[in-house]
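Novice: For reference, this is query07.cif, and it has mmCIF, C-alpha atoms; chains and numbers go by the auth columns.
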data_start
#
loop_
_atom_site.group_PDB
_atom_site.id
_atom_site.type_symbol
_atom_site.label_atom_id
_atom_site.label_comp_id
_atom_site.label_asym_id
_atom_site.label_seq_id
_atom_site.Cartn_x
_atom_site.Cartn_y
_atom_site.Cartn_z
_atom_site.B_iso_or_equiv
_atom_site.auth_seq_id
_atom_site.auth_asym_id
ATOM 1 C CA MET A 1 112.567 99.894 102.936 0.00 612 A
ATOM 2 C CA ALA A 2 113.874 96.323 103.014 0.00 613 A
ATOM 3 C CA GLU A 3 115.515 94.746 106.008 0.00 614 A
ATOM 4 C CA THR A 4 119.263 94.357 105.556 0.00 615 A
ATOM 5 C CA GLU A 5 121.551 91.619 106.834 0.00 616 A
ATOM 6 C CA THR A 6 122.872 93.915 109.566 0.00 617 A
ATOM 7 C CA ALA A 7 119.846 95.942 110.639 0.00 618 A
ATOM 8 C CA PRO A 8 116.464 94.396 111.450 0.00 619 A
ATOM 9 C CA GLU A 9 113.384 96.506 110.897 0.00 620 A
ATOM 10 C CA LEU A 10 110.206 96.896 112.889 0.00 621 A
ATOM 11 C CA GLN A 11 107.235 97.873 110.734 0.00 622 A
ATOM 12 C CA ILE A 12 104.251 99.323 112.557 0.00 623 A
ATOM 13 C CA PHE A 13 100.884 99.193 110.797 0.00 624 A
ATOM 14 C CA TYR A 14 98.549 101.381 112.827 0.00 625 A
ATOM 15 C CA GLY A 15 95.581 103.676 112.841 0.00 626 A
ATOM 16 C CA ILE A 16 96.745 107.047 114.104 0.00 627 A
ATOM 17 C CA SER A 17 93.448 107.423 115.992 0.00 628 A
ATOM 18 C CA SER A 18 93.719 104.002 117.661 0.00 629 A
ATOM 19 C CA PRO A 19 94.067 104.188 121.463 0.00 630 A
ATOM 20 C CA TRP A 20 95.918 100.875 121.403 0.00 631 A
ATOM 21 C CA ALA A 21 98.460 102.275 118.946 0.00 632 A
ATOM 22 C CA TYR A 22 98.838 105.255 121.282 0.00 633 A
ATOM 23 C CA PHE A 23 99.459 102.967 124.244 0.00 634 A
ATOM 24 C CA GLY A 24 102.119 101.043 122.340 0.00 635 A
ATOM 25 C CA ALA A 25 103.825 103.814 120.373 0.00 636 A
ATOM 26 C CA GLU A 26 106.671 104.823 122.650 0.00 637 A
ATOM 27 C CA ARG A 27 107.248 101.310 124.008 0.00 638 A
ATOM 28 C CA ALA A 28 107.531 99.885 120.481 0.00 639 A
ATOM 29 C CA VAL A 29 110.143 102.474 119.544 0.00 640 A
ATOM 30 C CA ALA A 30 112.083 101.804 122.743 0.00 641 A
ATOM 31 C CA ILE A 31 112.088 98.065 122.019 0.00 642 A
ATOM 32 C CA ALA A 32 113.263 98.645 118.452 0.00 643 A
ATOM 33 C CA ARG A 33 116.093 100.906 119.558 0.00 644 A
ATOM 34 C CA ARG A 34 117.188 98.502 122.270 0.00 645 A
ATOM 35 C CA ASN A 35 117.508 95.845 119.578 0.00 646 A
ATOM 36 C CA GLY A 36 119.185 98.116 117.039 0.00 647 A
ATOM 37 C CA ALA A 37 116.194 97.939 114.695 0.00 648 A
ATOM 38 C CA ALA A 38 114.967 100.633 112.355 0.00 649 A
ATOM 39 C CA VAL A 39 111.323 101.661 112.713 0.00 650 A
ATOM 40 C CA ARG A 40 109.052 102.161 109.736 0.00 651 A
ATOM 41 C CA LEU A 41 105.681 103.723 110.464 0.00 652 A
ATOM 42 C CA ARG A 42 102.938 102.506 108.142 0.00 653 A
ATOM 43 C CA PRO A 43 99.729 104.360 109.037 0.00 654 A
ATOM 44 C CA ILE A 44 96.544 102.869 107.611 0.00 655 A
ATOM 45 C CA ARG A 45 92.782 103.131 107.909 0.00 656 A
ATOM 46 C CA ILE A 46 90.447 100.357 109.081 0.00 657 A
ATOM 47 C CA ILE A 47 91.152 97.135 107.197 0.00 658 A
ATOM 48 C CA GLU A 48 87.596 96.285 106.220 0.00 659 A
ATOM 49 C CA ALA A 49 88.721 93.720 103.644 0.00 660 A
ATOM 50 C CA ASN A 50 90.095 91.554 106.457 0.00 661 A
ATOM 51 C CA GLY A 51 87.226 92.067 108.891 0.00 662 A
ATOM 52 C CA GLY A 52 88.027 95.384 110.544 0.00 663 A
ATOM 53 C CA ILE A 53 84.935 97.010 112.096 0.00 664 A
ATOM 54 C CA PRO A 54 84.707 100.682 113.171 0.00 665 A
ATOM 55 C CA LEU A 55 84.254 100.935 116.943 0.00 666 A
ATOM 56 C CA ARG A 56 80.957 102.825 116.849 0.00 667 A
ATOM 57 C CA THR A 57 79.344 100.199 114.631 0.00 668 A
ATOM 58 C CA ARG A 58 80.203 97.317 116.963 0.00 669 A
ATOM 59 C CA PRO A 59 77.587 95.848 119.326 0.00 670 A
ATOM 60 C CA ASP A 60 77.083 97.759 122.584 0.00 671 A
ATOM 61 C CA ALA A 61 78.633 94.951 124.625 0.00 672 A
ATOM 62 C CA ARG A 62 81.897 95.222 122.695 0.00 673 A
ATOM 63 C CA GLN A 63 81.939 99.003 122.988 0.00 674 A
ATOM 64 C CA LEU A 64 81.412 98.811 126.743 0.00 675 A
ATOM 65 C CA TYR A 65 84.172 96.266 127.174 0.00 676 A
ATOM 66 C CA HIS A 66 86.453 98.402 125.008 0.00 677 A
ATOM 67 C CA GLU A 67 86.095 101.181 127.599 0.00 678 A
ATOM 68 C CA ILE A 68 86.847 98.768 130.453 0.00 679 A
ATOM 69 C CA GLU A 69 90.047 97.646 128.753 0.00 680 A
ATOM 70 C CA LEU A 70 91.095 101.237 128.043 0.00 681 A
ATOM 71 C CA ARG A 71 90.715 102.047 131.726 0.00 682 A
ATOM 72 C CA ARG A 72 92.736 99.003 132.742 0.00 683 A
ATOM 73 C CA TRP A 73 95.597 99.746 130.387 0.00 684 A
ATOM 74 C CA ARG A 74 95.594 103.451 131.217 0.00 685 A
ATOM 75 C CA GLU A 75 96.125 102.599 134.857 0.00 686 A
ATOM 76 C CA PHE A 76 98.610 99.792 134.175 0.00 687 A
ATOM 77 C CA LEU A 77 100.806 101.930 131.911 0.00 688 A
ATOM 78 C CA GLY A 78 100.309 105.157 133.844 0.00 689 A
ATOM 79 C CA MET A 79 99.463 107.031 130.643 0.00 690 A
ATOM 80 C CA ALA A 80 97.048 109.919 130.307 0.00 691 A
ATOM 81 C CA LEU A 81 93.961 108.962 128.310 0.00 692 A
ATOM 82 C CA ASN A 82 90.442 110.346 128.127 0.00 693 A
ATOM 83 C CA LEU A 83 87.947 107.508 127.931 0.00 694 A
ATOM 84 C CA LYS A 84 85.614 109.677 125.851 0.00 695 A
ATOM 85 C CA PRO A 85 87.804 112.152 123.965 0.00 696 A
ATOM 86 C CA LYS A 86 86.052 115.182 122.549 0.00 697 A
ATOM 87 C CA PHE A 87 87.119 114.606 118.924 0.00 698 A
ATOM 88 C CA TYR A 88 86.778 110.830 118.651 0.00 699 A
ATOM 89 C CA PRO A 89 85.745 109.247 116.348 0.00 700 A
ATOM 90 C CA CYS A 90 87.743 111.587 114.121 0.00 701 A
ATOM 91 C CA ARG A 91 86.113 113.339 111.182 0.00 702 A
ATOM 92 C CA THR A 92 89.070 112.130 109.113 0.00 703 A
ATOM 93 C CA ILE A 93 92.510 110.701 109.811 0.00 704 A
ATOM 94 C CA GLU A 94 93.968 111.179 106.338 0.00 705 A
ATOM 95 C CA PRO A 95 95.712 114.559 106.887 0.00 706 A
ATOM 96 C CA ALA A 96 97.395 113.320 110.073 0.00 707 A
ATOM 97 C CA ALA A 97 98.327 109.905 108.701 0.00 708 A
ATOM 98 C CA GLN A 98 99.617 111.261 105.410 0.00 709 A
ATOM 99 C CA ALA A 99 101.621 113.929 107.243 0.00 710 A
ATOM 100 C CA VAL A 100 103.390 111.131 109.151 0.00 711 A
ATOM 101 C CA ILE A 101 104.274 109.526 105.820 0.00 712 A
ATOM 102 C CA ALA A 102 105.487 112.861 104.424 0.00 713 A
ATOM 103 C CA LEU A 103 107.718 113.543 107.438 0.00 714 A
ATOM 104 C CA GLN A 104 109.145 110.046 107.311 0.00 715 A
ATOM 105 C CA ALA A 105 109.880 110.362 103.582 0.00 716 A
ATOM 106 C CA ALA A 106 111.633 113.671 104.237 0.00 717 A
ATOM 107 C CA GLY A 107 113.855 112.154 106.920 0.00 718 A
ATOM 108 C CA LEU A 108 112.259 114.205 109.691 0.00 719 A
ATOM 109 C CA ASP A 109 111.198 112.977 113.125 0.00 720 A
ATOM 110 C CA ALA A 110 107.963 111.264 112.157 0.00 721 A
ATOM 111 C CA LEU A 111 108.032 109.163 115.339 0.00 722 A
ATOM 112 C CA SER A 112 107.786 112.164 117.656 0.00 723 A
ATOM 113 C CA PHE A 113 105.177 113.838 115.478 0.00 724 A
ATOM 114 C CA SER A 114 103.037 110.719 115.287 0.00 725 A
ATOM 115 C CA PHE A 115 103.036 110.195 119.042 0.00 726 A
ATOM 116 C CA ALA A 116 102.270 113.864 119.667 0.00 727 A
ATOM 117 C CA VAL A 117 99.248 113.568 117.355 0.00 728 A
ATOM 118 C CA GLN A 118 98.056 110.485 119.225 0.00 729 A
ATOM 119 C CA ARG A 119 98.546 112.191 122.570 0.00 730 A
ATOM 120 C CA ALA A 120 96.712 115.288 121.308 0.00 731 A
ATOM 121 C CA LEU A 121 93.661 113.172 120.482 0.00 732 A
ATOM 122 C CA TRP A 122 93.618 110.874 123.503 0.00 733 A
ATOM 123 C CA ALA A 123 95.002 113.028 126.296 0.00 734 A
ATOM 124 C CA GLU A 124 94.602 116.661 125.269 0.00 735 A
ATOM 125 C CA ASP A 125 91.161 116.798 123.604 0.00 736 A
ATOM 126 C CA ARG A 126 92.532 118.346 120.416 0.00 737 A
ATOM 127 C CA ASP A 127 91.065 117.878 116.946 0.00 738 A
ATOM 128 C CA ILE A 128 93.604 115.986 114.840 0.00 739 A
ATOM 129 C CA ALA A 129 91.402 116.352 111.772 0.00 740 A
ATOM 130 C CA ASP A 130 92.138 120.097 111.842 0.00 741 A
ATOM 131 C CA LEU A 131 95.097 121.190 109.716 0.00 742 A
ATOM 132 C CA ASP A 132 96.025 124.131 111.939 0.00 743 A
ATOM 133 C CA THR A 133 96.113 121.818 114.942 0.00 744 A
ATOM 134 C CA LEU A 134 98.349 119.392 113.072 0.00 745 A
ATOM 135 C CA ARG A 135 100.664 122.182 111.965 0.00 746 A
ATOM 136 C CA ALA A 136 100.942 123.428 115.538 0.00 747 A
ATOM 137 C CA ILE A 137 101.808 119.911 116.706 0.00 748 A
ATOM 138 C CA ALA A 138 104.397 119.528 113.952 0.00 749 A
ATOM 139 C CA MET A 139 105.943 122.909 114.762 0.00 750 A
ATOM 140 C CA SER A 140 106.202 122.216 118.486 0.00 751 A
ATOM 141 C CA THR A 141 107.564 118.675 118.161 0.00 752 A
ATOM 142 C CA VAL A 142 109.742 118.800 115.050 0.00 753 A
ATOM 143 C CA GLY A 143 109.920 122.321 113.633 0.00 754 A
ATOM 144 C CA ALA A 144 108.992 124.529 110.711 0.00 755 A
ATOM 145 C CA ASP A 145 110.106 122.036 108.059 0.00 756 A
ATOM 146 C CA ALA A 146 107.658 119.514 109.458 0.00 757 A
ATOM 147 C CA ALA A 147 104.825 122.023 109.766 0.00 758 A
ATOM 148 C CA ALA A 148 105.253 122.874 106.079 0.00 759 A
ATOM 149 C CA LEU A 149 104.565 119.239 105.204 0.00 760 A
ATOM 150 C CA VAL A 150 101.122 119.277 106.832 0.00 761 A
ATOM 151 C CA VAL A 151 98.901 120.053 103.860 0.00 762 A
ATOM 152 C CA GLU A 152 95.368 119.270 102.778 0.00 763 A
ATOM 153 C CA HIS A 153 96.430 117.541 99.580 0.00 764 A
ATOM 154 C CA GLN A 154 99.692 115.613 99.705 0.00 765 A
ATOM 155 C CA PRO A 155 101.804 114.911 96.588 0.00 766 A
ATOM 156 C CA PRO A 156 100.871 111.798 94.608 0.00 767 A
ATOM 157 C CA ALA A 157 103.838 109.828 95.983 0.00 768 A
ATOM 158 C CA ILE A 158 102.664 110.311 99.570 0.00 769 A
ATOM 159 C CA VAL A 159 99.069 109.396 98.708 0.00 770 A
ATOM 160 C CA ALA A 160 100.330 106.331 96.869 0.00 771 A
ATOM 161 C CA GLU A 161 102.291 105.230 99.939 0.00 772 A
ATOM 162 C CA TRP A 162 99.224 105.761 102.150 0.00 773 A
ATOM 163 C CA GLN A 163 97.173 103.571 99.824 0.00 774 A
ATOM 164 C CA GLY A 164 100.021 101.096 99.488 0.00 775 A
ATOM 165 C CA ASN A 165 100.245 100.655 103.245 0.00 776 A
ATOM 166 C CA LEU A 166 96.651 99.469 103.336 0.00 777 A
ATOM 167 C CA ALA A 167 97.164 97.170 100.364 0.00 778 A
ATOM 168 C CA GLU A 168 100.226 95.653 102.033 0.00 779 A
ATOM 169 C CA ALA A 169 98.341 95.207 105.306 0.00 780 A
ATOM 170 C CA GLU A 170 95.573 93.392 103.440 0.00 781 A
ATOM 171 C CA ARG A 171 98.118 91.224 101.625 0.00 782 A
ATOM 172 C CA ARG A 172 99.828 90.249 104.870 0.00 783 A
ATOM 173 C CA GLY A 173 96.531 89.293 106.486 0.00 784 A
ATOM 174 C CA ILE A 174 96.525 92.132 109.009 0.00 785 A
ATOM 175 C CA PHE A 175 93.049 92.805 110.360 0.00 786 A
ATOM 176 C CA GLY A 176 93.543 95.146 113.306 0.00 787 A
ATOM 177 C CA THR A 177 95.901 97.801 114.584 0.00 788 A
ATOM 178 C CA PRO A 178 98.448 98.215 115.807 0.00 789 A
ATOM 179 C CA THR A 179 100.121 95.257 114.164 0.00 790 A
ATOM 180 C CA TYR A 180 103.889 95.026 114.497 0.00 791 A
ATOM 181 C CA VAL A 181 105.821 93.180 111.809 0.00 792 A
ATOM 182 C CA VAL A 182 109.262 91.599 112.230 0.00 793 A
ATOM 183 C CA GLY A 183 110.310 89.886 109.042 0.00 794 A
ATOM 184 C CA ASP A 184 107.170 87.970 108.084 0.00 795 A
ATOM 185 C CA GLU A 185 105.856 87.597 111.651 0.00 796 A
ATOM 186 C CA LEU A 186 102.762 89.531 112.705 0.00 797 A
ATOM 187 C CA PHE A 187 102.106 90.683 116.262 0.00 798 A
ATOM 188 C CA TRP A 188 98.642 92.185 116.716 0.00 799 A
ATOM 189 C CA GLY A 189 98.127 94.545 119.625 0.00 800 A
ATOM 190 C CA GLN A 190 100.322 96.545 121.965 0.00 801 A
ATOM 191 C CA ASP A 191 99.961 93.742 124.512 0.00 802 A
ATOM 192 C CA ARG A 192 102.189 91.596 122.222 0.00 803 A
ATOM 193 C CA LEU A 193 105.180 93.910 122.463 0.00 804 A
ATOM 194 C CA ASP A 194 107.092 91.481 124.677 0.00 805 A
ATOM 195 C CA PHE A 195 106.918 89.018 121.796 0.00 806 A
ATOM 196 C CA VAL A 196 108.106 91.730 119.395 0.00 807 A
ATOM 197 C CA ASP A 197 111.098 92.239 121.671 0.00 808 A
ATOM 198 C CA ARG A 198 111.847 88.512 121.611 0.00 809 A
ATOM 199 C CA ALA A 199 111.512 88.334 117.827 0.00 810 A
ATOM 200 C CA LEU A 200 113.920 91.221 117.269 0.00 811 A
ATOM 201 C CA ASN A 201 116.359 89.745 119.765 0.00 812 A
ATOM 202 C CA ALA A 202 116.206 86.377 118.021 0.00 813 A
ATOM 203 C CA ARG A 203 116.719 88.041 114.646 0.00 814 A
ATOM 204 C CA ASN A 204 119.812 89.783 115.968 0.00 815 A
ATOM 205 C CA ALA A 205 121.118 86.487 117.291 0.00 816 A
ATOM 206 C CA THR A 206 120.630 84.890 113.863 0.00 817 A
ATOM 207 C CA LEU A 207 122.461 87.734 112.143 0.00 818 A
ATOM 208 C CA ALA A 208 125.288 87.492 114.657 0.00 819 A
ATOM 209 C CA ARG A 209 125.700 83.780 113.923 0.00 820 A
ATOM 210 C CA LYS A 210 125.822 84.493 110.194 0.00 821 A
ATOM 211 C CA ASP A 211 128.496 87.143 110.745 0.00 822 A
ATOM 212 C CA ALA A 212 130.522 84.662 112.771 0.00 823 A
ATOM 213 C CA ILE A 213 130.591 82.078 109.990 0.00 824 A
#
Please, can you express the file's structure as structure tokens?

Specialist:
Amino acid sequence: MAETETAPELQIFYGISSPWAYFGAERAVAIARRNGAAVRLRPIRIIEANGGIPLRTRPDARQLYHEIELRRWREFLGMALNLKPKFYPCRTIEPAAQAVIALQAAGLDALSFSFAVQRALWAEDRDIADLDTLRAIAMSTVGADAAALVVEHQPPAIVAEWQGNLAEAERRGIFGTPTYVVGDELFWGQDRLDFVDRALNARNATLARKDAI
């Protein structure tokens, strides 16, 4: 989906099991809507090619500080979050991530589904690697059409998009999630959302000047 001259786009490259993506999910969408921007969700796995390191393989000091930061942001944002969720690290994120892609491709409410999956993991101690759990989330947030798209093996086009998201993230130099993309600008981390807001606002201003010429 290319950005047009009249509608900027916010691309969100994220791991669906990332607590930082969970913290930023609803705020990013609100910022995009305030600026009249479309949102394209681009779920990915860890970007090892660019230096991504799974949390549980990082040194103890980094893991401990990770928990401190989670606590700080949980309190600052007033969002529910279990510091040690029952089903994290996830056994797999592919069914959940690919379901987001499938819903988005079908024109269904992938944004609400994605956030509900994140909330299920981080605030509700639910197993987002379980297909029945994902179907229940899809049914309650979007409806039966969405639940039908939660399958163990997605069609080749959905798998290709899932793989393509990672390839595009690697190409752009993305190394961590969430990373928000406005045009060719990268903004790593939900704590950069104020800068995302500014970038979208500036892009709108540029488009307005072009329209005025």

Novice: Using all atoms listed in the file, which of the listed residues (A:Ala780, A:Gly794, A:Ala707, A:Arg737) sits closest to Leu760 in chain A?

Specialist: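 Once distances to Leu760 in chain A are computed over all atoms listed in the file, the minimum belongs to A:Ala707.
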
Novice: Can you tell me which residues surround range 630-639 of chain A at a distance of at most 6 Å, considering all atoms listed in the file, apart from same-chain residues fewer than 3 positions away, and format the answer as an MDAnalysis selection string?

Specialist: chainID A and resid 642 729 789 801

Novice: Which residues, written as a PyMOL selection string, have at least one atom at most 10 Å from range 670-684 of chain A, with all atoms listed in the file counted and residues fewer than 5 positions away on the same chain left out?

Specialist: chain A and resi 630-631+634+689-690+692-695+802

Novice: Written as a list in words, which residues does the PyMOL selection byres ((chain A and resi 756) around 12) give for the file shown?

Specialist: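 Taken over the shown coordinates, the PyMOL selection byres ((chain A and resi 756) around 12) returns Ala710, Ala713, Leu714, Ala717, Gly718, Leu719, Asp720, Ala721, Arg746, Ala747, Ala749, Met750, Ser751, Thr752, Val753, Gly754, Ala755, Ala757, Ala758, Ala759, Leu760 and Val761 of chain A.
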
Novice: Find the residues near range 624-626 of chain A: any atom within 6 Å, counting all atoms listed in the file, skip ones fewer than 3 places away on the same chain, and give them as a list of chain:residue names.

Specialist: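 Near range 624-626 of chain A, the qualifying residues are A:Ser629, A:Arg653, A:Pro654, A:Ile655, A:Arg656, A:Thr788, A:Pro789, A:Thr790.
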
Novice: Hey, what's within 8 Å of Ala648 in chain A if we count only C-alpha atoms and toss same-chain stuff fewer than 4 positions away? As JSON, numbers by chain, please?

Specialist: {"A": [618, 619, 620, 621, 643, 644, 811]}

Novice: Between CA of Glu772 in chain A and CA of Ile627 in chain A, measure the distance and give it in Å to one decimal.

Specialist: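 Atom-to-atom, CA of Glu772 in chain A and CA of Ile627 in chain A are spaced 15.3 Å apart.
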
Novice: Have a look at CA of Val640 in chain A and CA of Ala768 in chain A and let me know their distance in Å, one decimal.

Specialist: 25.5 Å

Novice: Provide the CA of Ala691 in chain A to CA of Val728 in chain A distance in Å, to one decimal place.

Specialist: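 So the two atoms, CA of Ala691 in chain A and CA of Val728 in chain A, lie 13.6 Å apart.
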
Novice: If I wrap all listed atoms of range 724-729 of chain A in a box with edges along x, y and z and add 5 Å on each side, what are its centre and edge lengths in Å to one decimal, as AutoDock Vina command-line options?

Specialist:
--center_x 101.6 --center_y 112.0 --center_z 117.5 --size_x 17.1 --size_y 13.7 --size_z 14.4

Novice: Counting all atoms listed in the file, what is within 10 Å of Asn815 in chain A, bar same-chain residues fewer than 2 positions away, as a list of chain:residue names?

Specialist: A:Glu616, A:Thr617, A:Ala618, A:Pro619, A:Asn646, A:Gly647, A:Ala648, A:Arg809, A:Ala810, A:Leu811, A:Asn812, A:Ala813, A:Thr817, A:Leu818, A:Ala819, A:Arg820, A:Lys821

Novice: Restricting it to C-alpha atoms, dump the selection as a compact mmCIF listing (two decimals), in the frame of the given file.

Specialist:
# COMPACT_ATOMS: atom_id res chain seq x y z
CA GLU A 616 121.55 91.62 106.83
CA THR A 617 122.87 93.92 109.57
CA ALA A 618 119.85 95.94 110.64
CA PRO A 619 116.46 94.40 111.45
CA ASN A 646 117.51 95.84 119.58
CA GLY A 647 119.18 98.12 117.04
CA ALA A 648 116.19 97.94 114.70
CA ARG A 809 111.85 88.51 121.61
CA ALA A 810 111.51 88.33 117.83
CA LEU A 811 113.92 91.22 117.27
CA ASN A 812 116.36 89.74 119.76
CA ALA A 813 116.21 86.38 118.02
CA THR A 817 120.63 84.89 113.86
CA LEU A 818 122.46 87.73 112.14
CA ALA A 819 125.29 87.49 114.66
CA ARG A 820 125.70 83.78 113.92
CA LYS A 821 125.82 84.49 110.19

Novice: At a cut-off of 7 Å from (84.9, 118.9, 118.5) in the coordinates of the file, what residues are picked up using all atoms listed in the file, written as a list in words?

Specialist: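 Neighbouring residues, ordered by chain and number, come to Lys697, Phe698 and Asp738 of chain A.
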
Novice: Could you save the residues just selected, with C-alpha atoms, as a PDB file, in the frame of the given file?

Specialist:
ATOM      1  CA  LYS A 697      86.052 115.182 122.549  1.00  0.00           C
ATOM      2  CA  PHE A 698      87.119 114.606 118.924  1.00  0.00           C
ATOM      3  CA  ASP A 738      91.065 117.878 116.946  1.00  0.00           C
TER       4      ASP A 738
END
